[in-house]
2 protein chains.
Amino acid sequence: MSGSSDSSPVAGPLGDLDPDTFRRYGHHVVDWIADFLRHPERFPVLARVKPGDVREALPLAAPRDPESLDAILADFERVIVPGLTHWNHPGFFAYFAITGSAPGILGELLCAALNVNAMLWRTSPAATELEEVVLDWLRRLLALPPGFRGVIYDTASISSLCALAAAREAAGVDAREAGLAGRSDLPRLRVYASDQAHSSIEKAAIILGLGQAGVRKIPADAEFRMDAEALARAVAEDRAGGWRPIAVSATVGTTATTSVDPVPAIAEVATREGLWLHVDAAYGGAAAILPEYRHVLAGCERADSIVVNPHKWLFTPIDCSAFFCRRPEILKQAFSLVPTFLQTPEGSAVENFMDYGPQLGRRFRALKLWMVLRAYGRTGLEARLREHIRLGQLFAGWVDGDPDWERLAPVPFSTVVFRLRPHGWDTADPRLNPLNERLLEGVNASGEVFLSHAVLAGRYALRLAVGNIRTEEQHVARAWEILRGEALRLGATAPVVAEDD
Amino acid sequence: MSGSSDSSPVAGPLGDLDPDTFRRYGHHVVDWIADFLRHPERFPVLARVKPGDVREALPLAAPRDPESLDAILADFERVIVPGLTHWNHPGFFAYFAITGSAPGILGELLCAALNVNAMLWRTSPAATELEEVVLDWLRRLLALPPGFRGVIYDTASISSLCALAAAREAAGVDAREAGLAGRSDLPRLRVYASDQAHSSIEKAAIILGLGQAGVRKIPADAEFRMDAEALARAVAEDRAGGWRPIAVSATVGTTATTSVDPVPAIAEVATREGLWLHVDAAYGGAAAILPEYRHVLAGCERADSIVVNPHKWLFTPIDCSAFFCRRPEILKQAFSLVPTFLQTPEGSAVENFMDYGPQLGRRFRALKLWMVLRAYGRTGLEARLREHIRLGQLFAGWVDGDPDWERLAPVPFSTVVFRLRPHGWDTADPRLNPLNERLLEGVNASGEVFLSHAVLAGRYALRLAVGNIRTEEQHVARAWEILRGEALRLGATAPVVAEDD
């Protein structure tokens, strides 16, 4: 990627690079990206470097003198790109597949150029008001009731931390002023989540001083959904044991299998027991944009908070986590600290989003989300979500139809959890885990697809998650072909023989 | 900003916008930004909209059908831009002036297009290794010893939260497993910071369950620096009172006056008392790149952790907070949680940065910092920092030389804290605060400059912070002209009369 064949300007003695230089290199970077987005397959999806390769290709210290963008961009291509795992590749099926889409990329470009800190209304009124508006758009798309107020955080980890911080505040234990340590007046505080919940719930509990012991994991049923009756029993048991139950976190689209907890039944328990109900719908929530999938958020109208990540399945570049809260005054009470230098003449006539979370500095993330929602429109989002679900179901069908493979969980969305179990092998065969582990390594070494894994009740499982906007049926078909080819190569299956051979 | 005069393509039924459309609009956005960076003064630096103006100009719901980037970008210019406060404007002197510089903007553009999640080494080896390398470059630039290991967080708020979380872990109270609530074996835990420390320290204490009561504010001296003897006395008093002191946070460049706490003396106390020493050098730390300013980090070689924000005074678009830790194993112990789905074949041969903080999702922030450090080089960074300090001192000289104005704090860096005190008015005149408040409002209404305020011992003070890469002497001179003009308009000073009139 070279910005110029004639000259190679470096930064002057003061000030920024001149705008013409920015323009020239900006065009070249845009061209490089356009090319990358047209042919992401020219790069292996999973980086092939060894630990230390990238580090060793880089100098030990920053350069003494300014360098040209030509030199920097050449090193970007030479050193950085080969060391990347390509999350924007249509063969990326690992974890949750995400997308940096064209309108979202342009939104980030504008965001960086404006370099707004959306901490106060005053420090960029449009950033604050667009955040309010665009999250209300998203709320309507998800058919959540008007009582929910939105705020954008960076990640679902922070969204869930905020939910549990609000729950702690709502518990009225005066954690904000008095803290939790060394207080003889306090019982131990307990939060509930299923054993399939994301690790961020436990991490939030650690941070908030509830500890890992403060999270009680409720068993899931055979389809990996929280058992609401077990929750009710656990709460009763804990109360009897001197714990103070404060919150329950339900999941719509768990990380391992994308199972959906029975939120209506959990909401019953939460209401009866006075627990803060948080719903982690970081991945699965997006599906509720589809009328035929609205049911996945059933019961969520009773939640106190819910998180849906546009950077997961809504084609928005990372980071963008949409947090909706039905009791924003509690959230504010948990976090608001306004030193004199941040007091503004607008007073309470405006919202200052710094009051609603741990971070004072806040990027203008609403801009990219607004651009994405407008560029695709509701119908465009629906079509893409529907297609991803179709592709997930299609792949699940192939797994189900092949006697050498088995599915290990239902497929509520677009993520399939499965394994190779050669025809005739017992489900408990101890060779299955190492076989599937080797299989995954072989498949990922192809460079064409990247899948991740999960361990379900001791069973090593492969996960294929469809979610990148560029993933088409051909990519899913190719994944299946590579999987079967690798199984054959491992000698675990017999070659397919045509009927008439 | 229109991408095309002939056609106005919208997204197709599936997939992303086609790469040619991205390329065309990418070029136009780059052109718009080049123009914006050339003439940021064409926009008022402080937005002139009223609360609700932006919201009312936007529809209540997302569009049903895809819209063209022409329409979206036209609304960006029509609705969003007038509602922005322009942090990238050379007349932005409020809070800390920051910069989205050309190489940093290009870095963010690439980051959005790659859309990497740098949670694990495996999920983008180059992102992890570049983060290690570029933070080691920064460590060398700051002349910190090799024992410090770097990690990039989004903001200093999170950096300080991580520092105090590590301090809590280092205290050995088993907060991670057992939590803090309802434990009769625990004393109350105390953290120390000066009364000039940033509010993020207190916010971190609230989040971590230490509470506001868990932060003891140490008085500052007449020059707003923590009194290390008062710290020692407070620690002794607290121990006698049954508290467990665990950490002290010193500041290099406080928010109100940019004062520098006496870190060497504080380090003495911290070592003697076994406290985790955190240094918040989010703003001031950058100055240590200058050999003649290296002294501002004196004593920091003994710190356990230190934060310097490249998105503050190192020309890197928000967000990018560099956290250095001398005891990374404690930080990891505080945060690491590795569910099976995140276990990778590389094992302990690599670092997985998700182990070192609250967030699982991590943007590829090292890229922009690498581009900025290379594009300017060490000498280029030095020249710019030196110029900003020169401009700050120049302005301070003007204030000092005018009998109608007074400086309210020393100027260790490039930020001047001052007020209008018309000649002959007593320093305690009750009219001074409202006068300066009105003055600030008038000045900010100019649209040419934006200053913020602080309150120092009850005195309303104006703050002029130089830090944007595009700010030149002419802008600082213009700020002074506008300030004096406004003072005159308010009838607080007499017109300047030429000597020979």
# chains A, B, ... in the order shown; residues from 1 in each chain; ligands from 1
>>> residues_around(residues="segment 84-86 of chain A", least_positions_apart="6", cutoff="7 Å", atoms="only C-alpha atoms", output="list in words")
Val45, Leu46 and Ala47 of chain A; Leu114, Val116, Thr123, Ser124, Pro125 and Ala126 of chain B
>>> residues_around(residues="Cys300 of chain B", least_positions_apart="3", cutoff="12 Å", atoms="only C-alpha atoms", output="count of residues only")
41
>>> closest_residue(among="B:Ala454, B:Ala461, B:Ala228, B:Ile482", to="chain A", atoms="only C-alpha atoms")
B:Ala454
>>> residues_around(residues="segment 181-188 of chain A", least_positions_apart="3", cutoff="9 Å", atoms="only C-alpha atoms", output="list in words")
Val173, Ala178, Gly209, Leu210, Gly214, Gly242, Trp243, Arg244 and Pro245 of chain A; Gly179, Leu180, Ala181, Gly182, Arg183, Ser184, Asp185, Leu186, Pro187, Arg188, Leu189, Gly209, Leu210, Gly211 and Trp243 of chain B
>>> residues_around(residues="Leu451 of chain B", least_positions_apart="6", cutoff="8 Å", atoms="only C-alpha atoms", output="PyMOL selection string")
chain B and resi 92-95+440+443-444+462-465
>>> closest_residue(among="A:Gly100, A:Gly284, A:Pro219, A:Pro44", to="chain B", atoms="only C-alpha atoms")
A:Gly100
>>> residues_around(residues="Ile206 of chain B", least_positions_apart="5", cutoff="10 Å", atoms="only C-alpha atoms", output="PyMOL selection string")
(chain A and resi 165+175-180+208-209+334-335+358) or (chain B and resi 161+200-201+211-215)
>>> write_last_selection(atoms="N, CA and C atoms", output="PDB file, in the first residue's frame")
ATOM      1  N   ALA A 165     -23.688  -3.846  39.338  1.00  0.00           N
ATOM      2  CA  ALA A 165     -23.443  -2.691  40.209  1.00  0.00           C
ATOM      3  C   ALA A 165     -24.767  -2.030  40.577  1.00  0.00           C
ATOM      4  N   ALA A 175     -23.450   0.215  49.653  1.00  0.00           N
ATOM      5  CA  ALA A 175     -22.113  -0.149  49.176  1.00  0.00           C
ATOM      6  C   ALA A 175     -21.385   1.075  48.661  1.00  0.00           C
ATOM      7  N   ARG A 176     -22.141   1.986  48.061  1.00  0.00           N
ATOM      8  CA  ARG A 176     -21.529   3.158  47.446  1.00  0.00           C
ATOM      9  C   ARG A 176     -20.753   3.990  48.463  1.00  0.00           C
ATOM     10  N   GLU A 177     -21.376   4.296  49.563  1.00  0.00           N
ATOM     11  CA  GLU A 177     -20.706   5.134  50.552  1.00  0.00           C
ATOM     12  C   GLU A 177     -19.829   4.292  51.487  1.00  0.00           C
ATOM     13  N   ALA A 178     -20.406   3.264  52.040  1.00  0.00           N
ATOM     14  CA  ALA A 178     -19.714   2.551  53.118  1.00  0.00           C
ATOM     15  C   ALA A 178     -18.850   1.391  52.636  1.00  0.00           C
ATOM     16  N   GLY A 179     -19.026   0.982  51.382  1.00  0.00           N
ATOM     17  CA  GLY A 179     -18.273  -0.186  50.917  1.00  0.00           C
ATOM     18  C   GLY A 179     -18.833  -1.466  51.512  1.00  0.00           C
ATOM     19  N   LEU A 180     -18.151  -2.564  51.231  1.00  0.00           N
ATOM     20  CA  LEU A 180     -18.629  -3.860  51.706  1.00  0.00           C
ATOM     21  C   LEU A 180     -17.734  -4.464  52.777  1.00  0.00           C
ATOM     22  N   LEU A 208     -16.815  -6.397  41.743  1.00  0.00           N
ATOM     23  CA  LEU A 208     -17.726  -5.671  42.638  1.00  0.00           C
ATOM     24  C   LEU A 208     -17.593  -6.073  44.103  1.00  0.00           C
ATOM     25  N   GLY A 209     -16.700  -6.992  44.389  1.00  0.00           N
ATOM     26  CA  GLY A 209     -16.504  -7.378  45.781  1.00  0.00           C
ATOM     27  C   GLY A 209     -17.512  -8.416  46.261  1.00  0.00           C
ATOM     28  N   ALA A 334     -25.696   4.469  41.259  1.00  0.00           N
ATOM     29  CA  ALA A 334     -24.548   3.591  41.477  1.00  0.00           C
ATOM     30  C   ALA A 334     -23.249   4.222  40.989  1.00  0.00           C
ATOM     31  N   PHE A 335     -23.336   5.107  39.996  1.00  0.00           N
ATOM     32  CA  PHE A 335     -22.111   5.551  39.322  1.00  0.00           C
ATOM     33  C   PHE A 335     -21.845   7.048  39.334  1.00  0.00           C
ATOM     34  N   PRO A 358     -18.705   3.248  34.554  1.00  0.00           N
ATOM     35  CA  PRO A 358     -17.389   3.400  35.185  1.00  0.00           C
ATOM     36  C   PRO A 358     -16.479   4.387  34.463  1.00  0.00           C
TER      37      PRO A 358
ATOM     38  N   LEU B 161      -9.102   1.672  37.879  1.00  0.00           N
ATOM     39  CA  LEU B 161      -9.892   0.574  38.454  1.00  0.00           C
ATOM     40  C   LEU B 161      -9.033  -0.696  38.533  1.00  0.00           C
ATOM     41  N   SER B 200     -12.055   9.465  39.157  1.00  0.00           N
ATOM     42  CA  SER B 200     -12.057   8.042  38.792  1.00  0.00           C
ATOM     43  C   SER B 200     -11.502   7.161  39.908  1.00  0.00           C
ATOM     44  N   ILE B 201     -10.679   7.725  40.770  1.00  0.00           N
ATOM     45  CA  ILE B 201     -10.166   6.934  41.896  1.00  0.00           C
ATOM     46  C   ILE B 201     -11.323   6.598  42.842  1.00  0.00           C
ATOM     47  N   GLY B 211     -16.019   1.479  48.696  1.00  0.00           N
ATOM     48  CA  GLY B 211     -16.897   2.592  49.057  1.00  0.00           C
ATOM     49  C   GLY B 211     -16.172   3.924  49.064  1.00  0.00           C
ATOM     50  N   GLN B 212     -16.964   4.997  49.060  1.00  0.00           N
ATOM     51  CA  GLN B 212     -16.357   6.330  49.142  1.00  0.00           C
ATOM     52  C   GLN B 212     -15.621   6.503  50.465  1.00  0.00           C
ATOM     53  N   ALA B 213     -16.148   5.864  51.496  1.00  0.00           N
ATOM     54  CA  ALA B 213     -15.484   5.928  52.796  1.00  0.00           C
ATOM     55  C   ALA B 213     -14.132   5.225  52.758  1.00  0.00           C
ATOM     56  N   GLY B 214     -13.941   4.359  51.783  1.00  0.00           N
ATOM     57  CA  GLY B 214     -12.683   3.645  51.646  1.00  0.00           C
ATOM     58  C   GLY B 214     -11.600   4.480  50.992  1.00  0.00           C
ATOM     59  N   VAL B 215     -11.943   5.700  50.565  1.00  0.00           N
ATOM     60  CA  VAL B 215     -10.939   6.610  50.001  1.00  0.00           C
ATOM     61  C   VAL B 215     -10.713   7.738  50.994  1.00  0.00           C
TER      62      VAL B 215
END
>>> residues_around(residues="Pro317 of chain B", least_positions_apart="6", cutoff="6 Å", atoms="only C-alpha atoms", output="list in words")
Ala112 and Asn115 of chain A; Gly100, Gly104 and His311 of chain B
>>> closest_residue(among="A:Val476, A:Leu385, A:Ala366, A:Val449", to="Trp137 of chain A", atoms="only C-alpha atoms")
A:Ala366
